[in-house]
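Q: upload36.cif is reproduced in full below (mmCIF, C-alpha atoms).
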```
data_work
loop_
_atom_site.group_PDB
_atom_site.id
_atom_site.type_symbol
_atom_site.label_atom_id
_atom_site.label_comp_id
_atom_site.auth_asym_id
_atom_site.auth_seq_id
_atom_site.Cartn_x
_atom_site.Cartn_y
_atom_site.Cartn_z
ATOM 1 C CA ARG P 61 6.955 4.803 -21.623
ATOM 2 C CA LYS P 62 10.574 3.777 -22.096
ATOM 3 C CA GLU P 63 13.122 6.487 -21.341
ATOM 4 C CA VAL P 64 14.768 6.367 -24.754
ATOM 5 C CA GLU P 65 12.945 4.655 -27.547
ATOM 6 C CA GLN P 66 14.230 3.680 -30.991
ATOM 7 C CA ASP P 67 12.966 1.558 -33.843
ATOM 8 C CA PRO P 68 15.071 -1.611 -33.541
ATOM 9 C CA GLY P 69 15.145 -2.193 -37.291
ATOM 10 C CA PRO P 70 16.874 -3.777 -39.018
ATOM 11 C CA PHE P 71 17.055 -1.216 -41.756
ATOM 12 C CA ASN P 72 18.293 -2.908 -44.930
ATOM 13 C CA VAL P 73 19.279 -0.338 -47.546
ATOM 14 C CA PRO P 74 21.330 -0.335 -50.760
ATOM 15 C CA GLU P 75 24.595 1.538 -51.019
ATOM 16 C CA GLY P 76 24.050 5.198 -51.773
ATOM 17 C CA ALA P 77 20.666 5.349 -50.078
ATOM 18 C CA THR P 78 19.667 7.969 -47.553
ATOM 19 C CA VAL P 79 18.465 6.541 -44.273
ATOM 20 C CA ALA P 80 16.936 8.260 -41.235
ATOM 21 C CA PHE P 81 16.780 7.033 -37.671
ATOM 22 C CA ASN P 82 14.392 8.435 -35.111
ATOM 23 C CA CYS P 83 14.509 8.454 -31.364
ATOM 24 C CA THR P 84 12.186 9.761 -28.665
ATOM 25 C CA TYR P 85 12.979 10.417 -25.024
ATOM 26 C CA SER P 86 10.641 10.732 -22.075
ATOM 27 C CA ASN P 87 12.469 13.037 -19.666
ATOM 28 C CA SER P 88 11.914 16.660 -20.620
ATOM 29 C CA ALA P 89 14.786 17.659 -18.317
ATOM 30 C CA SER P 90 17.297 15.856 -20.545
ATOM 31 C CA GLN P 91 20.179 18.131 -21.373
ATOM 32 C CA SER P 92 22.604 16.390 -23.683
ATOM 33 C CA PHE P 93 22.087 14.124 -26.629
ATOM 34 C CA PHE P 94 24.358 11.837 -28.609
ATOM 35 C CA TRP P 95 24.430 9.228 -31.292
ATOM 36 C CA TYR P 96 26.768 6.304 -30.718
ATOM 37 C CA ARG P 97 27.704 3.629 -33.198
ATOM 38 C CA GLN P 98 28.300 0.024 -32.208
ATOM 39 C CA ASP P 99 29.772 -2.540 -34.564
ATOM 40 C CA CYS P 100 29.006 -6.208 -34.070
ATOM 41 C CA ARG P 101 30.737 -7.554 -30.954
ATOM 42 C CA LYS P 102 32.488 -4.233 -30.355
ATOM 43 C CA GLU P 103 32.068 -1.434 -27.845
ATOM 44 C CA PRO P 104 29.885 1.643 -28.514
ATOM 45 C CA LYS P 105 31.757 4.631 -29.901
ATOM 46 C CA LEU P 106 30.625 8.224 -30.061
ATOM 47 C CA LEU P 107 29.428 9.159 -33.543
ATOM 48 C CA MET P 108 28.299 12.703 -32.821
ATOM 49 C CA SER P 109 26.760 14.964 -30.230
ATOM 50 C CA VAL P 110 23.388 16.473 -31.079
ATOM 51 C CA TYR P 111 22.869 20.210 -30.694
ATOM 52 C CA SER P 112 19.627 22.161 -30.590
ATOM 53 C CA SER P 113 20.437 23.952 -33.827
ATOM 54 C CA GLY P 114 21.158 20.688 -35.587
ATOM 55 C CA ASN P 115 24.611 19.687 -36.700
ATOM 56 C CA GLU P 116 26.283 17.996 -39.581
ATOM 57 C CA ASP P 117 29.428 15.932 -39.883
ATOM 58 C CA GLY P 118 30.101 14.907 -43.452
ATOM 59 C CA ARG P 119 27.326 12.557 -44.540
ATOM 60 C CA PHE P 120 25.740 12.549 -41.091
ATOM 61 C CA THR P 121 23.178 15.075 -39.878
ATOM 62 C CA ALA P 122 21.693 15.114 -36.392
ATOM 63 C CA GLN P 123 18.590 17.041 -35.375
ATOM 64 C CA LEU P 124 16.993 17.715 -32.010
ATOM 65 C CA ASN P 125 13.420 18.813 -31.379
ATOM 66 C CA ARG P 126 13.082 19.606 -27.678
ATOM 67 C CA ALA P 127 9.378 20.415 -27.886
ATOM 68 C CA SER P 128 8.605 16.967 -29.301
ATOM 69 C CA GLN P 129 11.437 15.258 -27.364
ATOM 70 C CA TYR P 130 12.673 13.786 -30.588
ATOM 71 C CA ILE P 131 16.143 13.197 -32.020
ATOM 72 C CA SER P 132 17.051 12.103 -35.513
ATOM 73 C CA LEU P 133 20.085 10.941 -37.427
ATOM 74 C CA LEU P 134 20.268 11.164 -41.201
ATOM 75 C CA ILE P 135 22.901 9.296 -43.178
ATOM 76 C CA ARG P 136 23.311 10.327 -46.801
ATOM 77 C CA ASP P 137 25.017 8.314 -49.527
ATOM 78 C CA SER P 138 25.301 5.299 -47.241
ATOM 79 C CA LYS P 139 28.390 3.095 -47.479
ATOM 80 C CA LEU P 140 28.877 -0.585 -46.713
ATOM 81 C CA SER P 141 31.005 0.515 -43.759
ATOM 82 C CA ASP P 142 28.022 2.307 -42.226
ATOM 83 C CA SER P 143 26.529 -1.083 -41.326
ATOM 84 C CA ALA P 144 26.293 -1.088 -37.541
ATOM 85 C CA THR P 145 23.856 -0.507 -34.713
ATOM 86 C CA TYR P 146 23.150 3.148 -33.942
ATOM 87 C CA LEU P 147 22.406 4.014 -30.340
ATOM 88 C CA CYS P 148 20.462 7.098 -29.326
ATOM 89 C CA VAL P 149 21.771 8.411 -26.011
ATOM 90 C CA VAL P 150 20.346 11.024 -23.664
ATOM 91 C CA LYS P 151 21.857 12.613 -20.572
ATOM 92 C CA THR P 152 19.833 14.113 -17.782
ATOM 93 C CA GLY P 153 21.145 16.257 -14.974
ATOM 94 C CA GLY P 154 24.252 18.374 -14.874
ATOM 95 C CA SER P 155 27.847 17.427 -15.448
ATOM 96 C CA GLN P 156 27.422 14.296 -13.339
ATOM 97 C CA GLY P 157 24.183 13.104 -14.953
ATOM 98 C CA ASN P 158 24.139 9.613 -16.364
ATOM 99 C CA LEU P 159 23.636 8.506 -19.930
ATOM 100 C CA ILE P 160 20.482 6.648 -20.870
ATOM 101 C CA PHE P 161 20.959 4.427 -23.910
ATOM 102 C CA GLY P 162 18.333 3.411 -26.394
ATOM 103 C CA LYS P 163 18.419 -0.226 -27.466
ATOM 104 C CA GLY P 164 19.759 0.744 -30.861
ATOM 105 C CA THR P 165 18.705 0.592 -34.486
ATOM 106 C CA LYS P 166 20.484 -1.902 -36.669
ATOM 107 C CA LEU P 167 21.538 -0.743 -40.133
ATOM 108 C CA SER P 168 22.662 -3.078 -42.874
ATOM 109 C CA VAL P 169 23.928 -1.491 -46.088
ATOM 110 C CA LYS P 170 23.988 -3.875 -49.034
ATOM 111 C CA PRO P 171 25.984 -3.598 -52.270
ATOM 112 C CA ASP S 31 43.028 9.370 -27.458
ATOM 113 C CA VAL S 32 41.244 8.097 -24.384
ATOM 114 C CA LYS S 33 42.096 4.554 -23.513
ATOM 115 C CA VAL S 34 39.773 2.424 -21.407
ATOM 116 C CA THR S 35 41.195 -1.028 -20.816
ATOM 117 C CA GLN S 36 39.276 -3.998 -19.522
ATOM 118 C CA SER S 37 41.355 -6.842 -18.149
ATOM 119 C CA SER S 38 39.786 -9.682 -20.150
ATOM 120 C CA ARG S 39 37.968 -9.954 -23.476
ATOM 121 C CA TYR S 40 36.550 -13.388 -22.665
ATOM 122 C CA LEU S 41 36.054 -15.018 -19.285
ATOM 123 C CA VAL S 42 34.476 -18.315 -18.246
ATOM 124 C CA LYS S 43 33.619 -18.912 -14.586
ATOM 125 C CA ARG S 44 31.526 -21.313 -12.573
ATOM 126 C CA THR S 45 28.336 -20.722 -10.610
ATOM 127 C CA GLY S 46 29.088 -19.520 -7.092
ATOM 128 C CA GLU S 47 32.551 -18.180 -7.872
ATOM 129 C CA LYS S 48 33.552 -14.648 -6.926
ATOM 130 C CA VAL S 49 34.436 -12.849 -10.143
ATOM 131 C CA PHE S 50 36.443 -9.653 -10.569
ATOM 132 C CA LEU S 51 36.268 -7.537 -13.713
ATOM 133 C CA GLU S 52 38.886 -4.797 -13.871
ATOM 134 C CA CYS S 53 38.809 -1.550 -15.775
ATOM 135 C CA VAL S 54 41.522 1.091 -16.090
ATOM 136 C CA GLN S 55 41.381 4.471 -17.842
ATOM 137 C CA ASP S 56 44.353 6.682 -18.615
ATOM 138 C CA MET S 57 42.721 10.116 -18.933
ATOM 139 C CA ASP S 58 42.235 11.091 -15.297
ATOM 140 C CA HIS S 59 38.450 10.936 -15.748
ATOM 141 C CA GLU S 60 36.358 11.484 -12.657
ATOM 142 C CA ASN S 61 33.410 9.316 -13.684
ATOM 143 C CA MET S 62 33.503 5.619 -14.361
ATOM 144 C CA PHE S 63 30.674 3.217 -15.191
ATOM 145 C CA TRP S 64 29.894 -0.455 -15.480
ATOM 146 C CA TYR S 65 27.186 -1.644 -17.878
ATOM 147 C CA ARG S 66 25.978 -4.970 -19.075
ATOM 148 C CA GLN S 67 24.589 -5.446 -22.549
ATOM 149 C CA ASP S 68 22.170 -8.213 -23.443
ATOM 150 C CA PRO S 69 20.286 -8.899 -26.688
ATOM 151 C CA GLY S 70 16.951 -7.105 -26.703
ATOM 152 C CA LEU S 71 17.706 -5.249 -23.477
ATOM 153 C CA GLY S 72 20.380 -2.825 -24.601
ATOM 154 C CA LEU S 73 22.918 -1.280 -22.252
ATOM 155 C CA ARG S 74 21.936 -1.291 -18.582
ATOM 156 C CA LEU S 75 23.841 0.584 -15.910
ATOM 157 C CA ILE S 76 25.019 -1.549 -13.002
ATOM 158 C CA TYR S 77 27.092 0.856 -10.911
ATOM 159 C CA PHE S 78 28.926 4.109 -11.369
ATOM 160 C CA SER S 79 31.434 6.216 -9.515
ATOM 161 C CA TYR S 80 31.951 9.982 -9.457
ATOM 162 C CA ASP S 81 35.223 9.917 -7.599
ATOM 163 C CA VAL S 82 37.643 7.743 -5.696
ATOM 164 C CA LYS S 83 35.926 5.684 -3.006
ATOM 165 C CA MET S 84 32.524 6.888 -4.183
ATOM 166 C CA LYS S 85 29.970 4.568 -5.747
ATOM 167 C CA GLU S 86 26.343 4.773 -6.727
ATOM 168 C CA LYS S 87 23.874 2.087 -7.726
ATOM 169 C CA GLY S 88 22.676 2.077 -11.278
ATOM 170 C CA ASP S 89 19.562 0.384 -12.593
ATOM 171 C CA ILE S 90 20.514 -3.241 -11.903
ATOM 172 C CA PRO S 91 22.986 -3.423 -9.000
ATOM 173 C CA GLU S 92 21.684 -6.672 -7.470
ATOM 174 C CA GLY S 93 24.322 -9.368 -7.321
ATOM 175 C CA TYR S 94 27.150 -6.917 -7.996
ATOM 176 C CA SER S 95 29.464 -4.658 -6.044
ATOM 177 C CA VAL S 96 32.214 -2.264 -7.105
ATOM 178 C CA SER S 97 35.461 -0.843 -5.842
ATOM 179 C CA ARG S 98 37.183 2.435 -6.711
ATOM 180 C CA GLU S 99 40.324 2.710 -4.619
ATOM 181 C CA LYS S 100 42.242 4.686 -7.246
ATOM 182 C CA LYS S 101 40.931 7.210 -9.725
ATOM 183 C CA GLU S 102 42.044 5.270 -12.769
ATOM 184 C CA ARG S 103 40.642 1.891 -11.736
ATOM 185 C CA PHE S 104 37.052 0.733 -11.321
ATOM 186 C CA SER S 105 36.414 -2.903 -10.469
ATOM 187 C CA LEU S 106 33.160 -4.820 -10.812
ATOM 188 C CA ILE S 107 32.665 -7.767 -8.482
ATOM 189 C CA LEU S 108 30.197 -10.590 -8.864
ATOM 190 C CA GLU S 109 29.922 -11.794 -5.281
ATOM 191 C CA SER S 110 28.581 -15.252 -6.164
ATOM 192 C CA ALA S 111 28.262 -15.676 -9.903
ATOM 193 C CA SER S 112 25.026 -17.031 -11.328
ATOM 194 C CA THR S 113 24.127 -18.143 -14.843
ATOM 195 C CA ASN S 114 21.887 -15.094 -15.362
ATOM 196 C CA GLN S 115 25.003 -12.947 -15.083
ATOM 197 C CA THR S 116 26.315 -14.336 -18.344
ATOM 198 C CA SER S 117 26.580 -11.204 -20.450
ATOM 199 C CA MET S 118 28.783 -8.657 -22.168
ATOM 200 C CA TYR S 119 30.170 -6.226 -19.587
ATOM 201 C CA LEU S 120 31.270 -2.773 -20.677
ATOM 202 C CA CYS S 121 33.268 -0.269 -18.666
ATOM 203 C CA ALA S 122 33.188 3.434 -19.547
ATOM 204 C CA SER S 123 34.716 6.655 -18.299
ATOM 205 C CA ARG S 124 33.937 10.332 -18.717
ATOM 206 C CA THR S 125 35.289 13.643 -17.543
ATOM 207 C CA THR S 126 33.013 16.129 -15.811
ATOM 208 C CA GLY S 127 34.968 19.066 -17.154
ATOM 209 C CA ARG S 128 34.010 21.505 -19.941
ATOM 210 C CA GLY S 129 30.237 21.337 -19.820
ATOM 211 C CA ASN S 130 27.578 18.713 -20.225
ATOM 212 C CA ASN S 131 28.452 17.336 -23.628
ATOM 213 C CA GLN S 132 31.312 15.135 -22.567
ATOM 214 C CA PRO S 133 30.926 11.687 -24.153
ATOM 215 C CA GLN S 134 31.588 8.398 -22.503
ATOM 216 C CA HIS S 135 34.485 6.305 -23.733
ATOM 217 C CA PHE S 136 34.064 2.571 -23.586
ATOM 218 C CA GLY S 137 36.440 -0.307 -23.101
ATOM 219 C CA ASP S 138 36.416 -3.258 -25.517
ATOM 220 C CA GLY S 139 34.072 -5.226 -23.287
ATOM 221 C CA THR S 140 34.347 -8.507 -21.395
ATOM 222 C CA ARG S 141 32.225 -11.386 -22.576
ATOM 223 C CA LEU S 142 31.565 -13.332 -19.377
ATOM 224 C CA SER S 143 30.085 -16.806 -19.345
ATOM 225 C CA ILE S 144 28.937 -18.410 -16.109
ATOM 226 C CA LEU S 145 28.605 -22.167 -16.317
#
```
Starting from the file, lay out its structure as structure tokens.
A:
Amino acid sequence: RKEVEQDPGPFNVPEGATVAFNCTYSNSASQSFFWYRQDCRKEPKLLMSVYSSGNEDGRFTAQLNRASQYISLLIRDSKLSDSATYLCVVKTGGSQGNLIFGKGTKLSVKP
Amino acid sequence: DVKVTQSSRYLVKRTGEKVFLECVQDMDHENMFWYRQDPGLGLRLIYFSYDVKMKEKGDIPEGYSVSREKKERFSLILESASTNQTSMYLCASRTTGRGNNQPQHFGDGTRLSIL
């Protein structure tokens, strides 16, 4: 089983749609969770951290289910500018643990 | 804002050459990382460093070495470049302070082609 697994997509959605990305991780000792966004030919950038209680940042909502080892990202009212690849990222270990990146899910928002 | 600077955006080298990729961060971060990113394979960790003069192998260290002589600088070295090292190389840094949720900050990337 891959350490961090995501549906590669692409997800092609119209503007205004709600889209959900899922991610599973294999290491139950994982401690920190993130979603990164990567635009074409650019570096990954942190979108949001994911907390156990779930967290929201504007149109973006992240959820974590530790029992199922499952992370999700929900984007509401999608915009053209949301088109990018979304990377699910998991950190094991303490403060010096390394990040494990999923391969990413590509989102394309169409007018 | 954290700034991670990689020395080159695009680089073309020949097979067998020794290649240096430089990375500098300006936030006094303890941890620095080198990844390569290839289509279908995602980001793979090559080497990382927790502190000056310290280095640890990542998932794919073969054919690479690193140097961390100063805290702000982390260099990736291709000892004898081969065509299968053509890739996008990404440097990142992160602080160990203030808990586990510290994100990594990436440089713009170096697109390296080995001919």
Q: Would you be able to write out as an mmCIF file with C-alpha atoms, in the frame of the given file which residues have an atom within 7 Å of (27.1, -15.8, -24.1) in the file's coordinates, counting only C-alpha atoms?
A:
```cif
data_model
loop_
_atom_site.group_PDB
_atom_site.id
_atom_site.type_symbol
_atom_site.label_atom_id
_atom_site.label_comp_id
_atom_site.auth_asym_id
_atom_site.auth_seq_id
_atom_site.Cartn_x
_atom_site.Cartn_y
_atom_site.Cartn_z
ATOM 1 C CA THR S 116 26.315 -14.336 -18.344
ATOM 2 C CA SER S 117 26.580 -11.204 -20.450
ATOM 3 C CA ARG S 141 32.225 -11.386 -22.576
ATOM 4 C CA LEU S 142 31.565 -13.332 -19.377
ATOM 5 C CA SER S 143 30.085 -16.806 -19.345
#
```
Q: Let me know the residues the PyMOL selection byres ((chain P) within 12 of (chain S)) catches in the file above, as an NGL selection string.
A: :P and (62 or 64-69 or 90-111 or 145-166)
Q: Hey, what comes out of the PyMOL selection byres ((chain P and resi 88) around 10) on this file? Could you write it as a VMD selection string?
A: chain P and resid 85 to 87 89 to 91 126 to 129 152
Q: Could those selected residues go to a file with C-alpha atoms, as a short mmCIF file (atom, residue, chain, number, x, y, z; two decimals), in the coordinates of the input?
A:
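Okay, this is what ended up in result-v9.cif:
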```cif
data_model
loop_
_atom_site.label_atom_id
_atom_site.label_comp_id
_atom_site.auth_asym_id
_atom_site.auth_seq_id
_atom_site.Cartn_x
_atom_site.Cartn_y
_atom_site.Cartn_z
CA TYR P 85 12.98 10.42 -25.02
CA SER P 86 10.64 10.73 -22.08
CA ASN P 87 12.47 13.04 -19.67
CA ALA P 89 14.79 17.66 -18.32
CA SER P 90 17.30 15.86 -20.54
CA GLN P 91 20.18 18.13 -21.37
CA ARG P 126 13.08 19.61 -27.68
CA ALA P 127 9.38 20.42 -27.89
CA SER P 128 8.60 16.97 -29.30
CA GLN P 129 11.44 15.26 -27.36
CA THR P 152 19.83 14.11 -17.78
#
```
Q: With only C-alpha atoms as the atoms that count, which of P:Glu63, P:Ala77, P:Leu134, P:Asp117 lies nearest to Pro171 (chain P)?
A: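 Going through P:Glu63, P:Ala77, P:Leu134, P:Asp117 one by one, the smallest distance to Pro171 (chain P) is for P:Ala77.
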Q: Name the residues that the PyMOL selection byres ((chain S and resi 42) around 12) picks from the file above, as a VMD selection string, using the file's chain letters and numbers.
A: chain S and resid 38 to 41 43 to 45 47 to 51 111 to 113 115 to 118 140 to 145
Q: Quick one: distance from CA of Lys87 (chain S) to CA of Thr84 (chain P) in Å, one decimal?
A: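 Answer for the CA of Lys87 (chain S) to CA of Thr84 (chain P) separation: 25.2 Å.
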Q: List every protein, DNA or RNA residue that has an atom no more than 6 Å from (38.2, -0.3, -12.5) in the file's coordinate frame, counting only C-alpha atoms, and report them as a list in words.
A: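 Using only C-alpha atoms, the matching residues come out as Glu52, Cys53, Val54, Arg103, Phe104 and Ser105 of chain S.
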